[in-house]
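Structure below is model-v3.txt: compact mmCIF, C-alpha atoms.
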```txt
# COMPACT_ATOMS: atom_id res chain seq x y z
CA MET A 1 -0.95 7.27 -21.86
CA VAL A 2 -3.06 7.04 -18.72
CA ILE A 3 -4.53 10.31 -17.60
CA ILE A 4 -5.42 10.63 -13.97
CA ASP A 5 -8.09 13.01 -12.89
CA HIS A 6 -7.94 13.72 -9.21
CA ARG A 7 -10.49 16.49 -9.25
CA PRO A 8 -13.18 15.94 -6.65
CA ILE A 9 -16.70 15.70 -8.00
CA VAL A 10 -18.03 18.26 -5.55
CA LYS A 11 -16.04 21.41 -5.23
CA LEU A 12 -15.21 21.90 -1.58
CA ARG A 13 -15.27 25.13 0.32
CA ASN A 14 -12.26 26.01 2.39
CA TYR A 15 -13.79 25.15 5.74
CA GLU A 16 -14.94 21.82 4.35
CA VAL A 17 -11.45 21.08 3.20
CA LYS A 18 -10.18 21.71 6.70
CA LYS A 19 -12.90 19.55 8.20
CA LEU A 20 -11.95 16.67 5.93
CA GLY A 21 -8.41 16.92 7.10
CA VAL A 22 -7.22 17.30 3.53
CA ASN A 23 -4.24 19.50 3.09
CA SER A 24 -5.42 22.89 1.99
CA ASP A 25 -1.78 23.89 1.86
CA MET A 26 1.54 22.23 2.15
CA HIS A 27 2.39 22.80 5.77
CA LYS A 28 1.02 19.47 6.89
CA PHE A 29 3.60 17.80 4.69
CA ALA A 30 6.37 19.26 6.79
CA ASN A 31 6.93 16.13 8.80
CA PRO A 32 6.50 13.66 5.92
CA THR A 33 8.84 15.85 3.89
CA ARG A 34 11.49 15.39 6.54
CA PHE A 35 10.80 11.66 6.46
CA MET A 36 11.23 11.54 2.69
CA LYS A 37 14.44 13.53 2.99
CA ILE A 38 15.91 10.85 5.24
CA ALA A 39 14.45 8.09 3.06
CA ASN A 40 15.98 9.58 -0.05
CA ALA A 41 19.33 9.96 1.68
CA ILE A 42 19.51 6.27 2.62
CA PHE A 43 17.91 5.09 -0.62
CA PRO A 44 21.16 4.46 -2.59
CA TYR A 45 22.64 2.39 0.26
CA ILE A 46 19.49 0.31 0.66
CA SER A 47 19.11 -0.39 -3.04
CA ILE A 48 22.79 -1.32 -3.52
CA ALA A 49 22.73 -3.54 -0.43
CA CYS A 50 19.57 -5.14 -1.84
CA ILE A 51 21.23 -5.98 -5.16
CA VAL A 52 24.37 -7.34 -3.46
CA SER A 53 22.44 -9.50 -0.99
CA LEU A 54 20.15 -10.79 -3.73
CA VAL A 55 23.10 -11.86 -5.89
CA VAL A 56 24.98 -13.46 -2.98
CA GLY A 57 21.81 -15.07 -1.65
CA ILE A 58 20.83 -16.60 -4.99
CA TYR A 59 24.40 -17.80 -5.55
CA TYR A 60 24.35 -19.62 -2.22
CA ALA A 61 20.80 -20.86 -2.71
CA ILE A 62 21.45 -22.45 -6.11
CA PHE A 63 25.16 -23.25 -6.24
CA ASN A 64 26.60 -23.28 -2.77
CA SER A 65 24.20 -25.01 -0.41
CA PRO A 66 23.72 -28.73 0.14
CA PRO A 67 20.62 -30.71 -0.92
CA ASP A 68 18.38 -31.73 1.96
CA TYR A 69 18.85 -35.27 3.26
CA GLN A 70 15.14 -35.93 2.83
CA GLN A 71 13.95 -33.44 0.23
CA GLY A 72 16.97 -33.43 -2.06
CA ASP A 73 17.45 -30.40 -4.24
CA SER A 74 13.80 -29.39 -3.96
CA VAL A 75 14.79 -27.63 -0.73
CA ARG A 76 16.19 -24.82 -2.90
CA ILE A 77 12.63 -23.58 -3.35
CA MET A 78 12.76 -22.76 0.36
CA TYR A 79 15.15 -19.86 -0.30
CA ILE A 80 12.36 -18.09 -2.19
CA HIS A 81 9.34 -19.49 -0.38
CA VAL A 82 10.30 -18.73 3.23
CA PRO A 83 11.57 -15.15 2.65
CA ALA A 84 8.43 -14.44 0.57
CA ALA A 85 6.20 -15.72 3.39
CA TYR A 86 8.19 -13.78 5.98
CA ILE A 87 8.03 -10.50 4.05
CA ALA A 88 4.31 -11.00 3.25
CA VAL A 89 3.50 -11.27 6.95
CA MET A 90 5.90 -8.49 7.91
CA ILE A 91 4.40 -6.06 5.39
CA TYR A 92 0.94 -6.90 6.72
CA MET A 93 2.13 -5.95 10.21
CA VAL A 94 3.52 -2.68 8.82
CA ILE A 95 0.15 -1.93 7.19
CA ALA A 96 -1.73 -2.80 10.38
CA SER A 97 0.53 -0.58 12.52
CA ALA A 98 0.27 2.26 10.01
CA SER A 99 -3.51 1.81 9.94
CA ALA A 100 -3.69 2.01 13.74
CA SER A 101 -1.63 5.19 13.74
CA SER A 102 -3.74 6.55 10.88
CA LEU A 103 -6.97 5.96 12.81
CA ILE A 104 -5.59 7.40 16.05
CA TRP A 105 -3.48 10.36 14.89
CA LYS A 106 -4.68 10.84 11.31
CA HIS A 107 -1.09 11.28 10.25
CA PRO A 108 -0.76 11.52 6.45
CA LEU A 109 2.57 9.69 6.54
CA SER A 110 1.03 6.50 7.92
CA ASP A 111 -1.66 6.52 5.23
CA ILE A 112 0.99 6.77 2.56
CA VAL A 113 3.13 4.00 4.10
CA ALA A 114 0.12 1.66 4.25
CA ARG A 115 -1.10 2.52 0.76
CA SER A 116 2.36 2.05 -0.74
CA SER A 117 3.01 -1.25 1.06
CA ALA A 118 -0.18 -3.08 0.10
CA PRO A 119 0.64 -4.08 -3.51
CA ILE A 120 4.11 -5.23 -2.45
CA GLY A 121 2.68 -7.41 0.31
CA ALA A 122 0.04 -8.85 -2.01
CA ALA A 123 2.67 -9.73 -4.61
CA PHE A 124 4.88 -11.51 -2.07
CA THR A 125 1.90 -13.43 -0.64
CA PHE A 126 1.13 -14.56 -4.18
CA LEU A 127 4.77 -15.56 -4.68
CA CYS A 128 4.69 -17.52 -1.43
CA LEU A 129 1.54 -19.39 -2.49
CA ILE A 130 2.91 -20.20 -5.96
CA THR A 131 6.32 -21.40 -4.74
CA GLY A 132 4.51 -23.34 -2.02
CA ALA A 133 2.49 -25.15 -4.68
CA LEU A 134 5.62 -25.82 -6.71
CA TRP A 135 7.28 -27.26 -3.62
CA GLY A 136 4.17 -29.16 -2.50
CA LYS A 137 3.75 -31.07 -5.74
CA PRO A 138 7.02 -33.05 -5.57
CA MET A 139 7.05 -33.35 -1.75
CA TRP A 140 3.40 -33.97 -0.87
CA GLY A 141 2.12 -35.13 -4.24
CA THR A 142 -0.34 -32.26 -4.47
CA TRP A 143 -0.27 -28.58 -5.45
CA TRP A 144 -2.70 -27.58 -2.75
CA VAL A 145 -4.41 -28.85 0.40
CA TRP A 146 -7.04 -27.03 2.41
CA ASP A 147 -5.14 -27.19 5.66
CA ALA A 148 -4.69 -24.42 8.19
CA ARG A 149 -1.34 -23.00 7.08
CA LEU A 150 -2.17 -22.84 3.40
CA THR A 151 -5.70 -21.58 3.94
CA SER A 152 -4.64 -18.86 6.38
CA MET A 153 -2.00 -17.75 3.88
CA LEU A 154 -4.67 -17.61 1.17
CA ILE A 155 -6.82 -15.53 3.54
CA LEU A 156 -3.85 -13.15 3.93
CA PHE A 157 -3.83 -12.76 0.16
CA PHE A 158 -7.57 -12.00 0.15
CA LEU A 159 -7.06 -9.50 2.98
CA TYR A 160 -4.49 -7.67 0.88
CA MET A 161 -6.87 -7.68 -2.08
CA GLY A 162 -9.81 -6.48 0.02
CA TYR A 163 -7.66 -3.78 1.55
CA MET A 164 -6.61 -2.41 -1.83
CA VAL A 165 -10.13 -2.61 -3.28
CA LEU A 166 -11.58 -0.76 -0.28
CA LEU A 167 -8.82 1.85 -0.38
CA ASN A 168 -9.52 2.65 -4.02
CA ALA A 169 -13.30 2.23 -3.97
CA PHE A 170 -14.08 5.95 -3.67
CA ASP A 171 -13.64 8.83 -6.05
CA ASP A 172 -12.04 10.81 -3.27
CA PRO A 173 -9.04 8.70 -2.22
CA GLN A 174 -9.21 10.05 1.34
CA ARG A 175 -12.57 8.42 1.94
CA GLY A 176 -11.24 4.89 1.54
CA VAL A 177 -8.54 5.32 4.17
CA LYS A 178 -10.68 4.70 7.25
CA PRO A 179 -12.63 1.61 6.12
CA ALA A 180 -9.46 0.08 4.70
CA ALA A 181 -7.57 0.75 7.95
CA ILE A 182 -10.34 -0.95 9.94
CA LEU A 183 -10.20 -3.98 7.63
CA ALA A 184 -6.41 -4.15 8.03
CA LEU A 185 -6.75 -4.11 11.83
CA VAL A 186 -9.47 -6.76 11.89
CA GLY A 187 -7.29 -8.92 9.63
CA VAL A 188 -4.48 -8.95 12.20
CA VAL A 189 -6.34 -11.89 13.82
CA ASN A 190 -5.08 -13.93 10.88
CA ILE A 191 -1.39 -13.35 11.65
CA PRO A 192 -1.08 -15.56 14.78
CA ILE A 193 -3.22 -18.14 12.99
CA ILE A 194 -0.64 -18.25 10.18
CA LYS A 195 2.22 -18.45 12.66
CA PHE A 196 0.83 -21.15 14.93
CA SER A 197 -1.30 -23.08 12.42
CA VAL A 198 1.44 -25.69 12.05
CA ASP A 199 1.38 -26.32 15.82
CA TRP A 200 -2.36 -26.14 16.41
CA TRP A 201 -3.61 -28.37 13.62
CA ASN A 202 -2.47 -31.44 11.78
CA THR A 203 -0.94 -30.36 8.53
CA LEU A 204 1.25 -31.44 5.66
CA HIS A 205 3.25 -28.27 6.10
CA GLN A 206 6.48 -28.70 8.00
CA PRO A 207 6.67 -27.04 11.44
CA ALA A 208 8.66 -23.90 12.12
CA SER A 209 12.41 -24.40 11.93
CA LEU A 210 13.60 -20.80 11.79
CA PHE A 211 11.63 -18.47 14.05
CA LYS A 212 11.58 -20.64 17.16
CA MET A 213 11.96 -19.92 20.85
CA ASP A 214 15.07 -22.09 21.13
CA GLY A 215 16.68 -20.82 17.96
CA PRO A 216 16.66 -22.14 14.41
CA SER A 217 17.01 -25.86 13.80
CA VAL A 218 18.25 -25.51 10.24
CA SER A 219 21.75 -26.63 9.31
CA PRO A 220 24.11 -23.61 9.18
CA GLN A 221 24.86 -24.32 5.51
CA MET A 222 21.19 -23.76 4.71
CA LEU A 223 20.61 -21.14 7.36
CA LEU A 224 23.15 -18.73 5.87
CA PRO A 225 21.59 -18.47 2.38
CA LEU A 226 18.13 -18.37 3.93
CA LEU A 227 19.04 -15.45 6.18
CA ILE A 228 20.75 -13.62 3.32
CA MET A 229 17.62 -14.02 1.19
CA ILE A 230 15.41 -12.77 4.04
CA VAL A 231 17.64 -9.69 4.36
CA ALA A 232 17.56 -9.23 0.57
CA PHE A 233 13.76 -9.40 0.42
CA THR A 234 13.47 -6.96 3.33
CA LEU A 235 15.81 -4.51 1.58
CA PHE A 236 13.84 -4.99 -1.63
CA TYR A 237 10.66 -4.07 0.22
CA MET A 238 12.31 -0.94 1.65
CA THR A 239 13.58 0.08 -1.80
CA LEU A 240 10.15 -0.35 -3.37
CA LEU A 241 8.45 1.38 -0.45
CA ILE A 242 10.54 4.53 -0.90
CA ILE A 243 9.88 4.61 -4.66
CA ARG A 244 6.14 4.07 -4.21
CA MET A 245 5.98 6.68 -1.44
CA ARG A 246 7.52 9.23 -3.78
CA GLY A 247 4.71 8.51 -6.23
CA GLU A 248 2.07 8.74 -3.51
CA PHE A 249 3.48 12.06 -2.31
CA ALA A 250 3.32 13.48 -5.80
CA ALA A 251 -0.29 12.22 -6.07
CA ALA A 252 -1.17 13.82 -2.72
CA LYS A 253 0.31 17.12 -3.85
CA ILE A 254 -1.65 16.90 -7.11
CA ARG A 255 -4.85 16.39 -5.11
CA SER A 256 -4.12 19.31 -2.82
CA LEU A 257 -3.43 21.52 -5.85
CA TYR A 258 -6.89 20.71 -7.17
CA ILE A 259 -8.66 20.98 -3.83
CA SER A 260 -7.01 24.29 -2.98
CA GLY A 261 -8.63 25.78 -6.08
CA ALA A 262 -5.35 26.76 -7.67
CA LEU A 263 -6.52 24.83 -10.71
CA LYS A 264 -9.90 24.67 -12.27
CA MET B 1 25.46 -29.16 -17.02
CA ASN B 2 22.39 -31.22 -17.79
CA GLU B 3 22.56 -32.63 -14.31
CA PHE B 4 22.65 -29.12 -12.91
CA ILE B 5 19.50 -28.11 -14.82
CA GLN B 6 17.68 -31.24 -13.73
CA MET B 7 18.48 -30.54 -10.06
CA GLY B 8 18.17 -34.13 -8.95
CA GLY B 9 14.84 -34.45 -10.75
CA TYR B 10 13.36 -31.34 -9.16
CA GLY B 11 14.42 -28.85 -11.85
CA LEU B 12 10.88 -28.72 -13.15
CA TYR B 13 9.77 -27.23 -9.84
CA ILE B 14 12.85 -25.25 -8.81
CA TRP B 15 13.46 -23.20 -11.94
CA PRO B 16 9.84 -22.01 -12.32
CA SER B 17 9.96 -20.90 -8.67
CA TYR B 18 12.98 -18.70 -9.33
CA LEU B 19 11.59 -17.50 -12.64
CA ILE B 20 8.25 -16.48 -11.14
CA ALA B 21 10.06 -14.75 -8.28
CA ALA B 22 12.14 -12.79 -10.81
CA ILE B 23 9.06 -11.84 -12.86
CA ILE B 24 7.07 -10.71 -9.82
CA MET B 25 9.94 -8.69 -8.36
CA ALA B 26 10.82 -7.07 -11.69
CA GLY B 27 7.14 -6.30 -12.25
CA LEU B 28 6.87 -4.63 -8.85
CA LEU B 29 9.98 -2.56 -9.51
CA ILE B 30 8.88 -1.42 -12.96
CA ASP B 31 5.36 -0.60 -11.77
CA SER B 32 6.68 1.40 -8.81
CA ILE B 33 9.11 3.42 -10.91
CA THR B 34 6.70 4.20 -13.76
CA THR B 35 3.91 5.20 -11.36
CA TRP B 36 6.26 7.49 -9.47
CA ARG B 37 7.61 9.12 -12.66
CA ARG B 38 4.13 9.64 -14.10
CA GLN B 39 2.82 11.30 -10.94
CA GLU B 40 5.93 13.46 -10.69
CA LYS B 41 5.51 14.61 -14.29
CA THR B 42 1.83 15.40 -13.82
CA LEU B 43 2.67 17.37 -10.69
CA GLN B 44 5.31 19.44 -12.46
CA ASN B 45 2.91 20.20 -15.32
CA LEU B 46 0.15 21.23 -12.92
CA LYS B 47 2.53 23.48 -11.04
CA LEU B 48 3.44 25.15 -14.31
CA ILE B 49 -0.22 25.71 -15.10
CA ALA B 50 -0.95 27.09 -11.66
CA LYS B 51 2.05 29.37 -11.91
CA SER B 52 1.20 30.71 -15.37
CA ASP B 53 -2.39 31.39 -14.29
CA ASN B 54 -1.20 33.24 -11.27
CA VAL B 55 1.20 35.44 -13.18
CA ASP B 56 -1.47 36.19 -15.75
CA ILE B 57 -4.04 37.21 -13.19
CA ALA B 58 -1.60 39.40 -11.38
CA LYS B 59 -0.45 41.16 -14.53
CA SER B 60 -3.69 42.06 -16.25
CA ASP B 61 -7.42 42.12 -15.79
CA ASN B 62 -8.44 40.70 -19.13
CA VAL B 63 -7.16 37.21 -18.72
CA ASP B 64 -6.10 35.49 -21.87
CA ILE B 65 -4.50 32.29 -20.87
CA ALA B 66 -4.66 30.77 -24.31
CA LYS B 67 -1.90 33.14 -25.29
CA SER B 68 0.40 32.37 -22.40
CA ASP B 69 -0.15 28.64 -22.69
CA ASN B 70 3.00 26.84 -21.65
CA VAL B 71 4.65 25.20 -24.58
CA ASP B 72 6.04 22.29 -22.65
CA ILE B 73 2.61 21.33 -21.36
CA ALA B 74 1.27 21.14 -24.88
CA LYS B 75 4.22 18.97 -25.74
CA SER B 76 3.79 16.59 -22.84
CA ASP B 77 1.38 13.71 -22.76
CA ASN B 78 -1.12 15.16 -20.32
CA VAL B 79 -3.37 16.24 -23.11
CA ASP B 80 -6.50 16.71 -21.09
CA ILE B 81 -4.78 19.07 -18.71
CA ALA B 82 -3.55 21.23 -21.54
CA LYS B 83 -7.04 21.21 -23.01
CA SER B 84 -8.92 21.97 -19.83
CA ASP B 85 -6.64 24.84 -19.13
CA ASN B 86 -8.90 27.75 -20.06
CA VAL B 87 -9.23 28.93 -16.54
CA GLU B 88 -11.90 31.47 -15.85
CA ASN B 89 -10.87 34.04 -13.40
CA ASN B 90 -11.52 32.19 -10.22
CA GLU B 91 -11.84 34.36 -7.13
CA ALA B 92 -10.12 31.82 -4.97
CA ASN B 93 -7.10 31.77 -7.21
CA ASP B 94 -5.52 34.95 -5.95
CA LYS B 95 -5.63 33.91 -2.34
CA ILE B 96 -4.59 30.34 -2.56
CA GLN B 97 -2.02 30.28 -5.27
CA GLN B 98 0.52 32.17 -3.29
CA LYS B 99 0.32 29.44 -0.69
CA VAL B 100 0.60 26.60 -3.14
CA ILE B 101 3.56 27.78 -5.11
```
Would you put the structure from the file into structure tokens?
Amino acid sequence: MVIIDHRPIVKLRNYEVKKLGVNSDMHKFANPTRFMKIANAIFPYISIACIVSLVVGIYYAIFNSPPDYQQGDSVRIMYIHVPAAYIAVMIYMVIASASASSLIWKHPLSDIVARSSAPIGAAFTFLCLITGALWGKPMWGTWWVWDARLTSMLILFFLYMGYMVLLNAFDDPQRGVKPAAILALVGVVNIPIIKFSVDWWNTLHQPASLFKMDGPSVSPQMLLPLLIMIVAFTLFYMTLLIIRMRGEFAAAKIRSLYISGALK
Amino acid sequence: MNEFIQMGGYGLYIWPSYLIAAIIMAGLLIDSITTWRRQEKTLQNLKLIAKSDNVDIAKSDNVDIAKSDNVDIAKSDNVDIAKSDNVENNEANDKIQQKVI
């Protein structure tokens, strides 16, 4: 069984605790507590909606959508690949916004949202890259090319990794928050590059057909399962986020118990 | 049936995609739930320790925590917490514990 020791190496005096902005008591959790109350109230609805939309989405994706006129059945990979890419980018934007609010207002809630989101975003970026390779092999004849879309997506994956490493690089978890937040904000430059890479550079990757100014250019029979899967992945992210935030809150309370001196 | 699995010749690429998606999503879910449960359990145990220390200090001057050691902590898997539990009478304890609990 893993044993976590959150005790700080240097024992802090009370005024130092206050200076660090670490909770010397629970009152700073008041607002996050209210947030978690709401989150827990909607949790059952979100998780059930997630399961339903996943089942319906996969049913449509595999059984009840037509093969593409050019790509044949391989287009069914799209129903995983595109939602994974969408959620990977969306989670990065959540982390970047939370990081901005963490740097400006030092709100503990935003730290916890960012910290809880990062592994989910990294996993979906990885899923996007893998399904992309599995789709690229039959369509392009190669698993991987170093073109702008694929490379910028790989950079997104490295940004997630760097963010998590930086966040957990210090014995005192609070110390990693600021450098990691700055990295997350710098990495936002990558997001428009991902989005517009298919327009700016020559690439094997197909251009946008969903998030376009003049509306999606996908056939409705494919659009429906794709949208359902995007909704399902978003709900899945929200479900995981609430569960992970519960864990992070417990960890934060453990830390404040140690720091407050209530325990040796 | 065979035709369905072959997916027009693309089955070799389609099914692994869905399988990897399932593995990654299940992995995320399991990791999130176990992490949350473990932290929650540790927190409850620590609260018990803090509480028992507090009661002890309030009741008597000669603190003997070994006696009042909570049984359920010894039972649980946080062995090092149970071990490291011989709290010397810390001055700060009196003040802060009332806040924490």
Problem set entry | Non-local contacts of Ile14 (chain B) (8 Å; only C-alpha atoms; under 5 positions in same chain excluded) as a list in words |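 Surrounding residues, per the criterion: Ser74, Arg76, Ile77, Leu134 and Trp135 of chain A; Met7 of chain B.
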Problem set entry | Contacts of Val198 (chain A) at 7 Å (all atoms listed in the file; same-chain gap of 5+ positions) as a PyMOL selection string | chain A and resi 149+203+205+207
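Interatomic distance, CA of Leu29 (chain B) against CA of Leu183 (chain A): 26.5 Å.
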Problem set entry | Surrounding residues of Ala181 (chain A) excluding itself and chain neighbours under 4 positions, 9 Å, only C-alpha atoms, as a list in words | Ile95, Ala96, Ala98, Ser99, Ala100, Ser102, Leu103, Asp111, Ala114, Tyr163, Leu167, Gly176, Val177, Leu185 and Val186 of chain A
Problem set entry | Residue hits in chain B, query chain A, radius 6 Å, only C-alpha atoms, as a PyMOL selection string | chain B and resi 7+10+13-14+17+32+36+39-40+43+50+93+97
Written selection (C-alpha atoms) as an mmCIF file, in the coordinates of the input:
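And here's again_26.cif as it stands now:
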```cif
data_model
loop_
_atom_site.group_PDB
_atom_site.id
_atom_site.type_symbol
_atom_site.label_atom_id
_atom_site.label_comp_id
_atom_site.auth_asym_id
_atom_site.auth_seq_id
_atom_site.Cartn_x
_atom_site.Cartn_y
_atom_site.Cartn_z
ATOM 1 C CA MET B 7 18.480 -30.540 -10.060
ATOM 2 C CA TYR B 10 13.360 -31.340 -9.160
ATOM 3 C CA TYR B 13 9.770 -27.230 -9.840
ATOM 4 C CA ILE B 14 12.850 -25.250 -8.810
ATOM 5 C CA SER B 17 9.960 -20.900 -8.670
ATOM 6 C CA SER B 32 6.680 1.400 -8.810
ATOM 7 C CA TRP B 36 6.260 7.490 -9.470
ATOM 8 C CA GLN B 39 2.820 11.300 -10.940
ATOM 9 C CA GLU B 40 5.930 13.460 -10.690
ATOM 10 C CA LEU B 43 2.670 17.370 -10.690
ATOM 11 C CA ALA B 50 -0.950 27.090 -11.660
ATOM 12 C CA ASN B 93 -7.100 31.770 -7.210
ATOM 13 C CA GLN B 97 -2.020 30.280 -5.270
#
```
Exercise. In Å to one decimal, how far is CA of Tyr92 (chain A) from CA of Phe157 (chain A)?
Worked result: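 CA of Tyr92 (chain A) lies 10.0 Å from CA of Phe157 (chain A).
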Seminar exercise, completed: The distance between CA of Ser110 (chain A) and CA of Ile33 (chain B) is 20.7 Å
Exercise. If we count all atoms listed in the file, what is near Ile194 (chain A) at a cut-off of 9 Å, once residues fewer than 6 positions away on the same chain are taken out, given as a VMD selection string?
Worked result: chain A and resid 89 148 to 153 156
Exercise. Nearest to Lys106 (chain A) among A:Lys195, A:Arg34, A:Lys212, A:Lys178, with distances taken over all atoms listed in the file: which residue is it?
Worked result: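 Distance minimum relative to Lys106 (chain A) lands on A:Lys178.
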Exercise. Got a sec to check which residues sit within 12 Å of (24.1, -15.5, 2.5), counting all atoms listed in the file, and write them as a list in words?
Worked result: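 Checking each residue against the 12 Å limit leaves Val52, Ser53, Leu54, Val55, Val56, Gly57, Ile58, Tyr59, Tyr60, Ala61, Ile62, Phe63, Asn64, Ser65, Tyr79, Pro220, Gln221, Met222, Leu223, Leu224, Pro225, Leu226, Leu227, Ile228, Met229, Ile230, Val231 and Ala232 of chain A.
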Problem set entry | Selection near Tyr160 (chain A), 9 Å with only C-alpha atoms, sequence-local residues under 6 positions removed, as a PyMOL selection string | chain A and resi 92+118-119+121-122+125+184
Problem set entry | Among listed residues A:Tyr45, A:Asn168, A:Asp147, A:Met238, nearest Ser117 (chain A) (using only C-alpha atoms) |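 Checking each candidate against Ser117 (chain A), we get A:Met238 as the closest.
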